[in-house]
$ cat protein-v8.txt   # compact mmCIF, C-alpha atoms
# COMPACT_ATOMS: atom_id res chain seq x y z
CA MET Q 1 49.39 41.50 126.72
CA THR Q 2 46.34 43.77 126.82
CA VAL Q 3 42.86 42.86 125.64
CA VAL Q 4 43.21 45.10 122.57
CA GLU Q 5 46.50 43.43 121.59
CA LYS Q 6 44.91 39.99 121.96
CA GLN Q 7 41.96 41.00 119.77
CA THR Q 8 44.25 42.50 117.15
CA ARG Q 9 46.46 39.44 117.17
CA THR Q 10 43.46 37.11 116.91
CA ARG Q 11 42.02 39.07 113.99
CA SER Q 12 45.31 39.29 112.14
CA SER Q 13 46.06 35.59 112.61
CA ALA Q 14 42.56 34.69 111.45
CA MET Q 15 43.01 36.82 108.34
CA ALA Q 16 46.33 35.14 107.62
CA TYR Q 17 44.61 31.78 107.10
CA PRO Q 18 41.67 32.23 104.73
CA ALA Q 19 40.06 29.05 103.49
CA ALA Q 20 40.96 27.96 99.99
CA ALA Q 21 38.41 28.55 97.25
CA PRO Q 22 35.86 25.76 97.01
CA PRO Q 23 35.74 23.61 93.87
CA ALA Q 24 32.87 24.18 91.47
CA TRP Q 25 31.12 20.93 92.42
CA ALA Q 26 30.98 22.01 96.10
CA VAL Q 27 29.43 25.36 95.18
CA TRP Q 28 26.85 23.61 92.98
CA ALA Q 29 26.10 21.11 95.75
CA ALA Q 30 25.71 23.88 98.33
CA TYR Q 31 23.26 25.73 96.09
CA ALA Q 32 21.39 22.49 95.39
CA VAL Q 33 20.56 22.06 99.10
CA PRO Q 34 18.06 24.96 99.32
CA LEU Q 35 16.60 23.87 95.99
CA CYS Q 36 16.02 20.37 97.43
CA VAL Q 37 14.24 21.81 100.46
CA LEU Q 38 12.17 24.41 98.59
CA PRO Q 39 9.42 22.11 97.15
CA SER Q 40 8.45 20.67 100.53
CA ALA Q 41 8.58 24.10 102.20
CA LEU Q 42 6.34 25.60 99.52
CA TRP Q 43 3.93 22.66 99.73
CA ARG Q 44 3.63 23.09 103.50
CA LEU Q 45 3.05 26.82 103.06
CA SER Q 46 0.34 26.09 100.51
CA LEU Q 47 -1.39 23.92 103.12
CA VAL Q 48 -1.46 26.87 105.50
CA VAL Q 49 -3.42 28.86 102.92
CA THR Q 50 -5.73 26.11 101.63
CA ASP Q 51 -6.34 23.62 104.48
CA ASP Q 52 -8.24 24.56 107.63
CA ALA Q 53 -7.35 21.39 109.56
CA VAL Q 54 -3.60 22.00 109.46
CA SER Q 55 -1.73 23.47 112.41
CA HIS Q 56 -0.64 26.74 110.84
CA TRP Q 57 2.14 27.60 113.27
CA TYR Q 58 3.72 24.17 112.85
CA MET Q 59 3.78 24.36 109.06
CA LEU Q 60 5.13 27.92 109.06
CA CYS Q 61 7.87 27.14 111.59
CA LEU Q 62 8.88 23.88 109.92
CA SER Q 63 9.11 25.53 106.50
CA ALA Q 64 11.09 28.49 107.83
CA LEU Q 65 13.44 26.32 109.90
CA SER Q 66 14.14 23.87 107.08
CA MET Q 67 14.88 26.69 104.63
CA LEU Q 68 17.10 28.46 107.17
CA LEU Q 69 19.12 25.30 107.78
CA ALA Q 70 19.38 24.66 104.04
CA LEU Q 71 20.58 28.22 103.40
CA LEU Q 72 23.23 27.86 106.12
CA THR Q 73 24.91 25.28 103.88
CA LEU Q 74 25.89 28.16 101.60
CA GLY Q 75 28.13 29.46 104.38
CA LEU Q 76 30.40 26.46 103.83
CA VAL Q 77 31.34 27.72 100.36
CA HIS Q 78 31.24 31.51 100.92
CA GLY Q 79 33.41 33.80 103.01
CA TRP Q 80 30.44 35.11 105.02
CA GLY Q 81 30.17 31.67 106.59
CA GLN Q 82 33.67 31.90 108.04
CA ARG Q 83 33.36 35.15 110.00
CA ILE Q 84 30.87 36.54 112.48
CA PRO Q 85 29.22 39.63 110.93
CA HIS Q 86 30.88 42.92 111.88
CA TRP Q 87 27.61 44.46 113.07
CA ILE Q 88 27.41 42.07 116.05
CA PRO Q 89 28.82 43.86 119.11
CA ARG Q 90 32.06 42.62 120.72
CA ILE Q 91 32.47 39.47 118.63
CA GLY Q 92 31.88 40.88 115.16
CA GLY Q 93 34.64 40.11 112.69
CA ARG Q 94 36.00 37.07 114.52
CA ARG Q 95 36.62 33.87 112.65
CA ILE Q 96 34.12 31.08 113.21
CA PRO Q 97 36.03 27.97 114.34
CA ALA Q 98 35.98 25.34 111.61
CA ARG Q 99 35.91 22.22 113.78
CA PRO Q 100 32.47 22.83 115.40
CA VAL Q 101 31.03 23.96 112.06
CA VAL Q 102 32.15 20.74 110.40
CA ARG Q 103 30.90 18.62 113.31
CA VAL Q 104 27.45 20.23 113.26
CA ALA Q 105 27.19 19.98 109.46
CA LEU Q 106 28.28 16.34 109.36
CA THR Q 107 26.01 15.41 112.27
CA GLY Q 108 23.07 17.12 110.59
CA GLY Q 109 23.84 15.48 107.26
CA TRP Q 110 24.10 12.00 108.75
CA LEU Q 111 20.93 12.60 110.77
CA LEU Q 112 19.09 13.51 107.57
CA VAL Q 113 20.42 10.38 105.88
CA ALA Q 114 19.25 8.27 108.84
CA VAL Q 115 15.76 9.82 108.85
CA CYS Q 116 15.39 9.36 105.09
CA GLY Q 117 16.71 5.79 105.33
CA TYR Q 118 14.25 4.98 108.09
CA PHE Q 119 11.41 6.52 106.08
CA LEU Q 120 12.27 4.47 102.99
CA LEU Q 121 12.78 1.25 104.96
CA ASN Q 122 9.54 1.80 106.86
CA GLN Q 123 7.68 2.24 103.57
CA ARG Q 124 9.03 -1.10 102.40
CA PHE Q 125 9.02 -3.23 105.58
CA HIS Q 126 6.33 -1.45 107.65
CA PHE Q 127 8.17 -1.15 110.97
CA VAL Q 128 5.45 1.22 112.19
CA GLN Q 129 1.95 0.14 111.18
CA SER Q 130 -0.02 3.24 112.18
CA GLY Q 131 -1.47 5.61 109.63
CA TRP Q 132 -0.33 9.14 109.00
CA VAL Q 133 -0.88 11.25 112.12
CA GLY Q 134 -0.71 15.03 112.19
CA ILE Q 135 0.61 17.21 114.97
CA GLY Q 136 -1.63 17.66 117.99
CA GLY Q 137 -3.91 15.44 120.01
CA ASP Q 138 -7.02 16.44 118.08
CA GLU Q 139 -5.58 15.57 114.67
CA PRO Q 140 -7.22 12.49 113.16
CA ALA Q 141 -5.24 9.63 111.63
CA HIS Q 142 -4.96 10.05 107.89
CA PRO Q 143 -4.20 7.52 105.18
CA VAL Q 144 -0.56 7.35 104.13
CA PRO Q 145 0.01 10.03 101.50
CA GLY Q 146 0.75 8.93 97.97
CA TRP Q 147 2.81 10.33 95.13
CA GLU Q 148 0.86 13.62 95.17
CA VAL Q 149 2.63 14.44 98.48
CA PHE Q 150 5.81 12.36 98.11
CA ARG Q 151 6.84 14.26 94.97
CA PHE Q 152 7.36 17.35 97.14
CA TYR Q 153 9.44 15.40 99.65
CA ALA Q 154 11.45 13.27 97.22
CA PRO Q 155 14.14 15.97 96.69
CA LEU Q 156 14.79 15.92 100.44
CA LEU Q 157 16.47 12.54 99.96
CA ALA Q 158 19.46 14.41 98.49
CA TRP Q 159 19.69 16.93 101.34
CA GLY Q 160 21.79 14.79 103.71
CA PRO Q 161 24.32 13.50 101.17
CA LEU Q 162 24.79 17.00 99.72
CA VAL Q 163 25.44 18.51 103.16
CA ILE Q 164 27.90 15.72 103.98
CA ALA Q 165 29.79 16.27 100.72
CA VAL Q 166 29.99 20.06 101.16
CA ALA Q 167 31.03 19.75 104.83
CA ALA Q 168 33.74 17.21 103.98
CA ASP Q 169 35.07 19.55 101.30
CA TYR Q 170 34.98 22.48 103.74
CA ARG Q 171 36.95 20.43 106.29
CA ARG Q 172 39.50 19.49 103.65
CA ARG Q 173 39.92 23.10 102.46
CA VAL Q 174 40.17 24.64 105.91
CA ALA Q 175 42.55 21.98 107.25
CA ARG Q 176 44.84 22.50 104.27
CA VAL Q 177 45.40 26.22 104.87
CA ARG Q 178 45.01 26.65 108.65
CA PRO Q 179 47.25 25.25 111.31
CA ALA Q 180 45.75 22.70 113.72
CA GLU Q 181 43.39 24.36 116.18
$ encode --input "protein-v8.txt" --output "structure tokens"
Amino acid sequence: MTVVEKQTRTRSSAMAYPAAAPPAWAVWAAYAVPLCVLPSALWRLSLVVTDDAVSHWYMLCLSALSMLLALLTLGLVHGWGQRIPHWIPRIGGRRIPARPVVRVALTGGWLLVAVCGYFLLNQRFHFVQSGWVGIGGDEPAHPVPGWEVFRFYAPLLAWGPLVIAVAADYRRRVARVRPAE
């Protein structure tokens, strides 16, 4: 079998097994993820403009990375998240394997749940006694931020559970229509 025949066969077999349509709750949950991340990203960006003591590159990169990861959740409920874009040379148009996508999404979701759980438990039981420390050796220790900062981070508590729910639904939908990989 030639390389062209293998590529044609791979593309036609991938097209034969499209994922089932996601339920409405999964679409809503996927769109809620970027909305949960947006307040903290905007707050960090506002610090770049208003605060001179903040590490600008750190705040910009953290905001951009968190929004990018949150927007990737939408790929679990849309067709563009199941295929590599056609404009990418050589591999464009190929199906993205579902198993690694689900593993990465579930790992990320559970990691977010663990970080949020640790944060909440540390606030209650004070595992770490130090004050708030910024990034960099020259950053001074700050007092623990209150509600004026926490209100921007409170929606992040839903990020992990929402990603886990959408990833579990994606796994269920893809496993139902595709043969075992």
$ atom_distance --input "protein-v8.txt" --atom1 "CA of Gly93 in chain Q" --atom2 "CA of Gly79 in chain Q"
11.6 Å
$ atom_distance --input "protein-v8.txt" --atom1 "CA of Val33 in chain Q" --atom2 "CA of Thr50 in chain Q"
26.7 Å
$ atom_distance --input "protein-v8.txt" --atom1 "CA of Leu111 in chain Q" --atom2 "CA of Leu157 in chain Q"
11.7 Å
$ residues_around --input "protein-v8.txt" --residues "Cys36 in chain Q" --least-positions-apart "2" --cutoff "10 Å" --atoms "all atoms listed in the file" --output "list in words"
Tyr31, Ala32, Val33, Pro34, Leu38, Pro39, Ser40, Ala41, Met67, Ala70, Phe152, Tyr153, Ala154, Pro155, Leu156, Leu157, Ala158, Trp159 and Leu162 of chain Q
$ closest_residue --input "protein-v8.txt" --among "Q:Gly117, Q:Pro85, Q:Pro22, Q:Gly92" --to "Arg176 in chain Q" --atoms "all atoms listed in the file"
Q:Pro22
$ closest_residue --input "protein-v8.txt" --among "Q:Asn122, Q:Ala165, Q:Val77, Q:Ile88" --to "Ala21 in chain Q" --atoms "all atoms listed in the file"
Q:Val77
$ closest_residue --input "protein-v8.txt" --among "Q:Ala98, Q:Trp87, Q:Glu148, Q:Gly160" --to "Val115 in chain Q" --atoms "only C-alpha atoms"
Q:Gly160
$ closest_residue --input "protein-v8.txt" --among "Q:His56, Q:Val104, Q:Val48, Q:Arg173" --to "Leu69 in chain Q" --atoms "only C-alpha atoms"
Q:Val104
$ residues_around --input "protein-v8.txt" --residues "Ile84 in chain Q" --least-positions-apart "6" --cutoff "12 Å" --atoms "all atoms listed in the file" --output "mmCIF file with C-alpha atoms, in the coordinates of the input"
data_model
loop_
_atom_site.group_PDB
_atom_site.id
_atom_site.type_symbol
_atom_site.label_atom_id
_atom_site.label_comp_id
_atom_site.auth_asym_id
_atom_site.auth_seq_id
_atom_site.Cartn_x
_atom_site.Cartn_y
_atom_site.Cartn_z
ATOM 1 C CA ARG Q 11 42.020 39.070 113.990
ATOM 2 C CA ALA Q 14 42.560 34.690 111.450
ATOM 3 C CA GLY Q 75 28.130 29.460 104.380
ATOM 4 C CA ARG Q 90 32.060 42.620 120.720
ATOM 5 C CA ILE Q 91 32.470 39.470 118.630
ATOM 6 C CA GLY Q 92 31.880 40.880 115.160
ATOM 7 C CA GLY Q 93 34.640 40.110 112.690
ATOM 8 C CA ARG Q 94 36.000 37.070 114.520
ATOM 9 C CA ARG Q 95 36.620 33.870 112.650
ATOM 10 C CA ILE Q 96 34.120 31.080 113.210
ATOM 11 C CA PRO Q 97 36.030 27.970 114.340
#
$ residues_around --input "protein-v8.txt" --residues "His78 in chain Q" --least-positions-apart "4" --cutoff "12 Å" --atoms "all atoms listed in the file" --output "VMD selection string"
chain Q and resid 18 to 23 26 to 27 30 to 31 71 to 74 82 to 83 166 170
$ closest_residue --input "protein-v8.txt" --among "Q:Cys116, Q:Val128, Q:Val101, Q:Val163" --to "Trp28 in chain Q" --atoms "only C-alpha atoms"
Q:Val163
$ closest_residue --input "protein-v8.txt" --among "Q:Leu42, Q:Gly146, Q:Cys61, Q:Val174" --to "Gln123 in chain Q" --atoms "all atoms listed in the file"
Q:Gly146
